[in-house]
Amino acid sequence: MLPEKAKLGRWASVRGRISEVDHAFGDPWSPDNPLGFDGVLAAAGTGMPAPAALDRYDGLALNAEFVPAELGGRLDGLDVTGAVFRPVMRRDARLAAVGGISSLLAAFVVWAGGNASQRLRTSEVLLGGARLAIACHQLEHANIFFEEEFRARRSGSGYLLSGRKPAINNLDHAELILAYAATGDGDGPQTPQESHSLFLLDRAELPDAWVRRLTKGPAGSGQPPLTGLELLDCPVPGEARVGGWGQGVVVGASAYPLINATVASMLIGLGDTALRATLRFRTHGPAPAGRRINERQVRTVVNGAFADLLTADCLALVATRALHLLPGECDVLAAAAKYLVPKLLSESMYSLSVVLGGAFHTEEGPSTLVRKHLRDLDTVSFGHVGSAVCQTVIVPYLPLLAADAEALEAARPPAGLFRPGDGVPGLSLDRPAHFGGADGLWGYVSRALAEDSVGAGTELAGAFRPYAVQLAEEMRDALREFATLGPVGGGAVPDARGFPLSERYALVLAAAACVGVWRESGGSGFLADPAWLLSALDRILRRLGRPVPPLPAEVEARLFAEARLRADSRIGFDLYGAELAG
């Protein structure tokens with residue numbers, strides 16, 4: 001455990017960094033701020049972020065946040081990386097995507113599977129202010145960025161790449177391209193995991209004679225044309241390959257925990273703006289058209305969105321910190337965070353439309369931002385495809401979880417998993433997560449329930465008891481159902497019954513994360529207040545279909561007062577509660 005002074009130092013440092021980034025973009029609500037929401041909405045029709053906002057992003061050197069310190073970057077824990085990107089995300093998810101996320105996706109694959117020289121080259125590009133792009137492999141039922149794919153075959157000491165990718169996200173801004181290429185070359189049968197190789201391509205070194213730039217997009221659409229590449233037996237040096245021949249899918253998958261947890265953490269910024277915009281509308285906007293809702297309904301909706309945001313942040317916090325503290329079990333946890341966080345935020349944003357009333361459908365005012373952020377949330381989190389991919393990671397693990405109850409109860413996560421003020425060790429780049437690790441969170445909350453310590457010692461201890469009983473029953477029932485799952489026909493296809501169960505599992509992990517953050521809060525400040533924890537458990541258990549009593553009026557009043565205070569004082573709605581520009 002770090003000394004108390006060190007903890008406060010990291011906590012204050014992270015909050016200060018969030019505030020610094022947010023203030024660098026100025027008050028987003030000010031009509032005089034060219035980087036504010038007016039500029040964001042004006043640029044939305046172009047399909048690109050405002051150029052001035054992208055320039056400011058580059059001036060802040062934000063991509064250094066996901067370059068490891070040993071490579072010259074500022075990565076001080078992926079929990080910090082996710083939190084520092086929230087000021088960008090809360091303004092414009094497209095700015096976050098073009099500026100950083102596209103590069104992050106490629107860089108994390110290189111950190112996980114590249115060699116020393118590839119990691120060094122990637123870090124140099126990012127720290128120098130340039131960007132990365134990914135040429136994805138072909139995937140059915142996905143978007144245009146997964147249409148068609150490159151092919152690779154050996155040629156002497158190198159390779160020849162051919163084929164078309166009609167759309168490569170961020171291509172025109174990228175100096176390096178991480179390209180998947182199909183590798184079927186007649187050397188025998190291949191599994192799906194052996195079907196592709198990865199190559200790190202330097203655009204400046206691709207010979208013009210073997211490369212054609214592609215553009216695609218309807219004229220007059222108001223959107224920029226999509227850009228891609230066609231490679232015509234393009235020669236690529238052997239050292240460009242990332243990982244083993246035919247191991248591209250495996251290498252890419254090894255980076256998924258890093259990507260899933262970090263992106264889930266960034267998304268919290270979208271929820272902040274939606275809640276803040278709704279409260280501003282309620283305070284400063286016109287009376288909602290149509291049926292009026294009373295103040296009690298407003299309080300219920302606002303409290304629910306606030307509690308959902310805190311729940312999402314608790315789960316994102318433990319998922320990002322697990323990458324450093326529990327690398328052997330972070331894959332399933334990260335997938336659960338990436339699955340559940342967008343779902344919680346999306347549902348709470350839709351619920352806020354009740355407060356906005358008919359204004360939710362207008363083309364001006366705060367409601368426009370809520371709708372834009374809803375669309376962006378689906379895009380940045382990869383929509384239903386992203387959710388399904390995360391569920392396929394979780395489902396095979398569920399019967400294993402139920403098979404060894406003794407190990408489940410014995411697992412004890414470090415307290416630092418729940419403490420954002422504690423430092424974390426550096427990422428172990430050569431040690432990707434292994435499927436089927438223990439589940440410390442499940443055991444943690446199970447013991448807390450057995451010890452009757454959830455809410456214990458507080459004035460709300462009695463109010464917690466029915467929630468603790470229902471959560472314990474849910475966990476017992478879920479384990480019994482997990483035990484009935486198995487692969488279809490003894491093969492690798494997950495049991496379809498596991499997909500709804502994967503959501504139940506993710507919700508239990510979210511409850512465990514909330515309990516852990518509250519218990520390890522140090523007994524002071526808002527995070528030590530049992531009211532937010534009770535509200536979070538109430539929302540989780542209702543989603544699980546469990547009968548729970550109404551929240552005490554005192555709890556609702558305390559949570560709403562905190563939400564109003566943060567809105568009026570320009571304080572973030574997340575766990576960090578940093579001072580914001582507006």
# chains A, B, ... in the order shown; residues from 1 in each chain; ligands from 1
call {"tool": "closest_atom_pairs", "arguments": {"of": "region 94-181 of chain A", "to": "region 225-228 of chain A", "cutoff": "8 Å", "atoms": "only C-alpha atoms", "output": "CSV"}}
result
residue,atom,partner,partner_atom,distance
A:Arg164,CA,A:Gly228,CA,7.7
A:Lys165,CA,A:Gly228,CA,5.4
A:Pro166,CA,A:Gly228,CA,4.5
A:Ala167,CA,A:Gly228,CA,4.3
A:Ile168,CA,A:Gly228,CA,5.1
A:Asn169,CA,A:Thr227,CA,7.7
A:Leu171,CA,A:Thr227,CA,6.7
A:Asp172,CA,A:Thr227,CA,7.4
call {"tool": "select_by_dssp", "arguments": {"residues": "region 41-150 of chain A", "states": "strand (DSSP E or B)", "output": "list in words"}}
result
Pro68, Leu75, Arg131, Leu132, Ala133, Ile134, Ala135 and Phe150 of chain A
call {"tool": "atom_distance", "arguments": {"atom1": "CA of Arg213 (chain A)", "atom2": "CA of Leu229 (chain A)"}}
result
4.7 Å
call {"tool": "closest_residue", "arguments": {"among": "A:Leu104, A:Val14, A:Leu176, A:Ala513", "to": "Val318 (chain A)", "atoms": "only C-alpha atoms"}}
result
A:Ala513
call {"tool": "residues_around", "arguments": {"residues": "Phe573 (chain A)", "least_positions_apart": "3", "cutoff": "8 Å", "atoms": "only C-alpha atoms", "output": "ChimeraX atom specification"}}
result
/A:272,306,309-310,563,566,576-577
call {"tool": "residues_around", "arguments": {"residues": "Pro49 (chain A)", "least_positions_apart": "5", "cutoff": "10 Å", "atoms": "only C-alpha atoms", "output": "number ranges by chain"}}
result
A: 35, 39-44, 54, 92-99
call {"tool": "write_last_selection", "arguments": {"atoms": "N, CA and C atoms", "output": "JSON list (two decimals), in the first residue's frame"}}
result
[["chain", "number", "residue", "atom", "x", "y", "z"],
["A", 35, "LEU", "N", -14.19, 26.32, -29.68],
["A", 35, "LEU", "CA", -14.04, 24.89, -29.41],
["A", 35, "LEU", "C", -15.21, 24.33, -28.61],
["A", 39, "GLY", "N", -19.55, 24.95, -31.91],
["A", 39, "GLY", "CA", -18.63, 24.53, -32.96],
["A", 39, "GLY", "C", -18.70, 23.04, -33.23],
["A", 40, "VAL", "N", -18.88, 22.26, -32.16],
["A", 40, "VAL", "CA", -19.00, 20.80, -32.33],
["A", 40, "VAL", "C", -20.21, 20.46, -33.17],
["A", 41, "LEU", "N", -21.35, 21.09, -32.86],
["A", 41, "LEU", "CA", -22.58, 20.79, -33.60],
["A", 41, "LEU", "C", -22.50, 21.30, -35.04],
["A", 42, "ALA", "N", -21.82, 22.44, -35.22],
["A", 42, "ALA", "CA", -21.68, 22.96, -36.59],
["A", 42, "ALA", "C", -20.83, 22.04, -37.44],
["A", 43, "ALA", "N", -19.83, 21.41, -36.84],
["A", 43, "ALA", "CA", -18.94, 20.52, -37.59],
["A", 43, "ALA", "C", -19.52, 19.12, -37.75],
["A", 44, "ALA", "N", -20.57, 18.81, -36.98],
["A", 44, "ALA", "CA", -21.11, 17.44, -37.00],
["A", 44, "ALA", "C", -21.54, 17.01, -38.39],
["A", 54, "LEU", "N", -9.14, 19.85, -33.30],
["A", 54, "LEU", "CA", -8.09, 18.86, -33.55],
["A", 54, "LEU", "C", -6.71, 19.47, -33.31],
["A", 92, "ASP", "N", -16.85, 15.92, -27.80],
["A", 92, "ASP", "CA", -17.09, 15.40, -29.15],
["A", 92, "ASP", "C", -16.41, 14.04, -29.28],
["A", 93, "ALA", "N", -17.22, 13.01, -29.38],
["A", 93, "ALA", "CA", -16.66, 11.67, -29.51],
["A", 93, "ALA", "C", -15.89, 11.52, -30.82],
["A", 94, "ARG", "N", -16.29, 12.26, -31.85],
["A", 94, "ARG", "CA", -15.57, 12.17, -33.12],
["A", 94, "ARG", "C", -14.16, 12.74, -32.98],
["A", 95, "LEU", "N", -14.01, 13.80, -32.20],
["A", 95, "LEU", "CA", -12.68, 14.33, -31.92],
["A", 95, "LEU", "C", -11.83, 13.30, -31.18],
["A", 96, "ALA", "N", -12.43, 12.63, -30.21],
["A", 96, "ALA", "CA", -11.70, 11.59, -29.49],
["A", 96, "ALA", "C", -11.32, 10.45, -30.41],
["A", 97, "ALA", "N", -12.22, 10.09, -31.34],
["A", 97, "ALA", "CA", -11.95, 8.97, -32.25],
["A", 97, "ALA", "C", -10.85, 9.31, -33.23],
["A", 98, "VAL", "N", -10.96, 10.46, -33.90],
["A", 98, "VAL", "CA", -9.97, 10.85, -34.90],
["A", 98, "VAL", "C", -8.65, 11.19, -34.23],
["A", 99, "GLY", "N", -8.72, 11.94, -33.13],
["A", 99, "GLY", "CA", -7.50, 12.35, -32.47],
["A", 99, "GLY", "C", -6.76, 11.21, -31.81]]
call {"tool": "atom_distance", "arguments": {"atom1": "CA of Ile18 (chain A)", "atom2": "CA of Arg91 (chain A)"}}
result
13.4 Å
call {"tool": "residues_around", "arguments": {"residues": "region 337-343 of chain A", "least_positions_apart": "4", "cutoff": "8 Å", "atoms": "only C-alpha atoms", "output": "list of chain:residue names"}}
result
A:Asn260, A:Ala261, A:Val263, A:Ala264, A:Leu267, A:Ala312, A:Asp313, A:Leu315, A:Ala316, A:Ala319, A:Leu333, A:Glu347, A:Leu377, A:Asp378, A:Ser381, A:Gly386, A:Ser387, A:Cys390, A:Gln391, A:Glu503, A:Ala506, A:Leu507
call {"tool": "residues_around", "arguments": {"residues": "Gly16 (chain A)", "least_positions_apart": "2", "cutoff": "12 Å", "atoms": "only C-alpha atoms", "output": "PyMOL selection string"}}
result
chain A and resi 8-14+18-23+80+83-84+576-580
call {"tool": "write_last_selection", "arguments": {"atoms": "N, CA, C and O atoms", "output": "PDB file, in the first residue's frame"}}
result
ATOM      1  N   LEU A   8      -2.651  10.670  -1.917  1.00  0.00           N
ATOM      2  CA  LEU A   8      -3.238  11.975  -2.167  1.00  0.00           C
ATOM      3  C   LEU A   8      -2.559  12.656  -3.343  1.00  0.00           C
ATOM      4  O   LEU A   8      -3.198  13.356  -4.126  1.00  0.00           O
ATOM      5  N   GLY A   9      -1.249  12.426  -3.483  1.00  0.00           N
ATOM      6  CA  GLY A   9      -0.535  13.031  -4.586  1.00  0.00           C
ATOM      7  C   GLY A   9      -1.025  12.529  -5.925  1.00  0.00           C
ATOM      8  O   GLY A   9      -1.242  13.328  -6.851  1.00  0.00           O
ATOM      9  N   ARG A  10      -1.237  11.222  -6.057  1.00  0.00           N
ATOM     10  CA  ARG A  10      -1.728  10.682  -7.328  1.00  0.00           C
ATOM     11  C   ARG A  10      -3.165  11.115  -7.571  1.00  0.00           C
ATOM     12  O   ARG A  10      -3.533  11.489  -8.686  1.00  0.00           O
ATOM     13  N   TRP A  11      -3.990  11.051  -6.545  1.00  0.00           N
ATOM     14  CA  TRP A  11      -5.388  11.452  -6.672  1.00  0.00           C
ATOM     15  C   TRP A  11      -5.479  12.907  -7.131  1.00  0.00           C
ATOM     16  O   TRP A  11      -6.199  13.233  -8.076  1.00  0.00           O
ATOM     17  N   ALA A  12      -4.724  13.785  -6.470  1.00  0.00           N
ATOM     18  CA  ALA A  12      -4.747  15.197  -6.841  1.00  0.00           C
ATOM     19  C   ALA A  12      -4.163  15.409  -8.235  1.00  0.00           C
ATOM     20  O   ALA A  12      -4.648  16.257  -9.005  1.00  0.00           O
ATOM     21  N   SER A  13      -3.138  14.631  -8.575  1.00  0.00           N
ATOM     22  CA  SER A  13      -2.507  14.771  -9.879  1.00  0.00           C
ATOM     23  C   SER A  13      -3.469  14.401 -11.007  1.00  0.00           C
ATOM     24  O   SER A  13      -3.551  15.108 -12.020  1.00  0.00           O
ATOM     25  N   VAL A  14      -4.196  13.310 -10.835  1.00  0.00           N
ATOM     26  CA  VAL A  14      -5.133  12.880 -11.880  1.00  0.00           C
ATOM     27  C   VAL A  14      -6.260  13.893 -12.021  1.00  0.00           C
ATOM     28  O   VAL A  14      -6.623  14.290 -13.142  1.00  0.00           O
ATOM     29  N   ILE A  18      -7.120  16.055 -15.433  1.00  0.00           N
ATOM     30  CA  ILE A  18      -8.440  16.120 -16.055  1.00  0.00           C
ATOM     31  C   ILE A  18      -8.879  17.580 -16.199  1.00  0.00           C
ATOM     32  O   ILE A  18      -9.337  18.012 -17.264  1.00  0.00           O
ATOM     33  N   SER A  19      -8.718  18.334 -15.128  1.00  0.00           N
ATOM     34  CA  SER A  19      -9.106  19.744 -15.135  1.00  0.00           C
ATOM     35  C   SER A  19      -8.285  20.543 -16.145  1.00  0.00           C
ATOM     36  O   SER A  19      -8.817  21.398 -16.865  1.00  0.00           O
ATOM     37  N   GLU A  20      -6.994  20.249 -16.223  1.00  0.00           N
ATOM     38  CA  GLU A  20      -6.115  20.954 -17.165  1.00  0.00           C
ATOM     39  C   GLU A  20      -6.573  20.746 -18.609  1.00  0.00           C
ATOM     40  O   GLU A  20      -6.647  21.701 -19.395  1.00  0.00           O
ATOM     41  N   VAL A  21      -6.872  19.509 -18.953  1.00  0.00           N
ATOM     42  CA  VAL A  21      -7.318  19.211 -20.319  1.00  0.00           C
ATOM     43  C   VAL A  21      -8.664  19.876 -20.587  1.00  0.00           C
ATOM     44  O   VAL A  21      -8.886  20.472 -21.653  1.00  0.00           O
ATOM     45  N   ASP A  22      -9.571  19.787 -19.618  1.00  0.00           N
ATOM     46  CA  ASP A  22     -10.889  20.361 -19.828  1.00  0.00           C
ATOM     47  C   ASP A  22     -10.805  21.878 -20.017  1.00  0.00           C
ATOM     48  O   ASP A  22     -11.445  22.440 -20.921  1.00  0.00           O
ATOM     49  N   HIS A  23     -10.020  22.551 -19.192  1.00  0.00           N
ATOM     50  CA  HIS A  23      -9.901  24.001 -19.310  1.00  0.00           C
ATOM     51  C   HIS A  23      -9.175  24.413 -20.591  1.00  0.00           C
ATOM     52  O   HIS A  23      -9.404  25.518 -21.112  1.00  0.00           O
ATOM     53  N   VAL A  80      -5.961   6.127 -15.510  1.00  0.00           N
ATOM     54  CA  VAL A  80      -5.693   7.547 -15.720  1.00  0.00           C
ATOM     55  C   VAL A  80      -5.909   7.917 -17.187  1.00  0.00           C
ATOM     56  O   VAL A  80      -6.506   8.952 -17.500  1.00  0.00           O
ATOM     57  N   ALA A  83      -9.560   8.363 -17.843  1.00  0.00           N
ATOM     58  CA  ALA A  83     -10.118   9.546 -17.186  1.00  0.00           C
ATOM     59  C   ALA A  83      -9.673  10.832 -17.868  1.00  0.00           C
ATOM     60  O   ALA A  83     -10.459  11.778 -18.006  1.00  0.00           O
ATOM     61  N   VAL A  84      -8.415  10.897 -18.302  1.00  0.00           N
ATOM     62  CA  VAL A  84      -7.889  12.116 -18.921  1.00  0.00           C
ATOM     63  C   VAL A  84      -8.536  12.369 -20.285  1.00  0.00           C
ATOM     64  O   VAL A  84      -8.636  13.520 -20.722  1.00  0.00           O
ATOM     65  N   TYR A 576     -13.940  10.916  -9.985  1.00  0.00           N
ATOM     66  CA  TYR A 576     -12.876  11.877  -9.714  1.00  0.00           C
ATOM     67  C   TYR A 576     -13.420  13.241  -9.307  1.00  0.00           C
ATOM     68  O   TYR A 576     -12.783  13.953  -8.533  1.00  0.00           O
ATOM     69  N   GLY A 577     -14.553  13.639  -9.834  1.00  0.00           N
ATOM     70  CA  GLY A 577     -15.143  14.912  -9.472  1.00  0.00           C
ATOM     71  C   GLY A 577     -14.207  16.091  -9.689  1.00  0.00           C
ATOM     72  O   GLY A 577     -14.094  16.983  -8.844  1.00  0.00           O
ATOM     73  N   ALA A 578     -13.524  16.124 -10.833  1.00  0.00           N
ATOM     74  CA  ALA A 578     -12.572  17.194 -11.120  1.00  0.00           C
ATOM     75  C   ALA A 578     -13.300  18.485 -11.484  1.00  0.00           C
ATOM     76  O   ALA A 578     -14.440  18.464 -11.967  1.00  0.00           O
ATOM     77  N   GLU A 579     -12.621  19.601 -11.277  1.00  0.00           N
ATOM     78  CA  GLU A 579     -13.173  20.903 -11.661  1.00  0.00           C
ATOM     79  C   GLU A 579     -13.129  21.037 -13.181  1.00  0.00           C
ATOM     80  O   GLU A 579     -12.092  20.826 -13.810  1.00  0.00           O
ATOM     81  N   LEU A 580     -14.259  21.423 -13.769  1.00  0.00           N
ATOM     82  CA  LEU A 580     -14.373  21.525 -15.220  1.00  0.00           C
ATOM     83  C   LEU A 580     -14.512  22.987 -15.647  1.00  0.00           C
ATOM     84  O   LEU A 580     -14.805  23.868 -14.832  1.00  0.00           O
TER      85      LEU A 580
END
call {"tool": "closest_residue", "arguments": {"among": "A:Ala468, A:Leu161, A:Leu501, A:Leu325", "to": "Thr392 (chain A)", "atoms": "only C-alpha atoms"}}
result
A:Leu501
call {"tool": "residues_around", "arguments": {"residues": "Phe66 (chain A)", "least_positions_apart": "6", "cutoff": "8 Å", "atoms": "only C-alpha atoms", "output": "count of residues only"}}
result
6
call {"tool": "closest_residue", "arguments": {"among": "A:Val380, A:Ala472, A:Ala407, A:Ile394", "to": "Pro500 (chain A)", "atoms": "only C-alpha atoms"}}
result
A:Ile394
call {"tool": "select_by_dssp", "arguments": {"residues": "region 406-519 of chain A", "states": "helix (DSSP H, G or I)", "output": "VMD selection string"}}
result
chain A and resid 406 to 410 415 to 418 440 to 450 461 to 482 488 to 490 498 to 519
call {"tool": "atom_distance", "arguments": {"atom1": "CA of Arg412 (chain A)", "atom2": "CA of Gly523 (chain A)"}}
result
21.4 Å
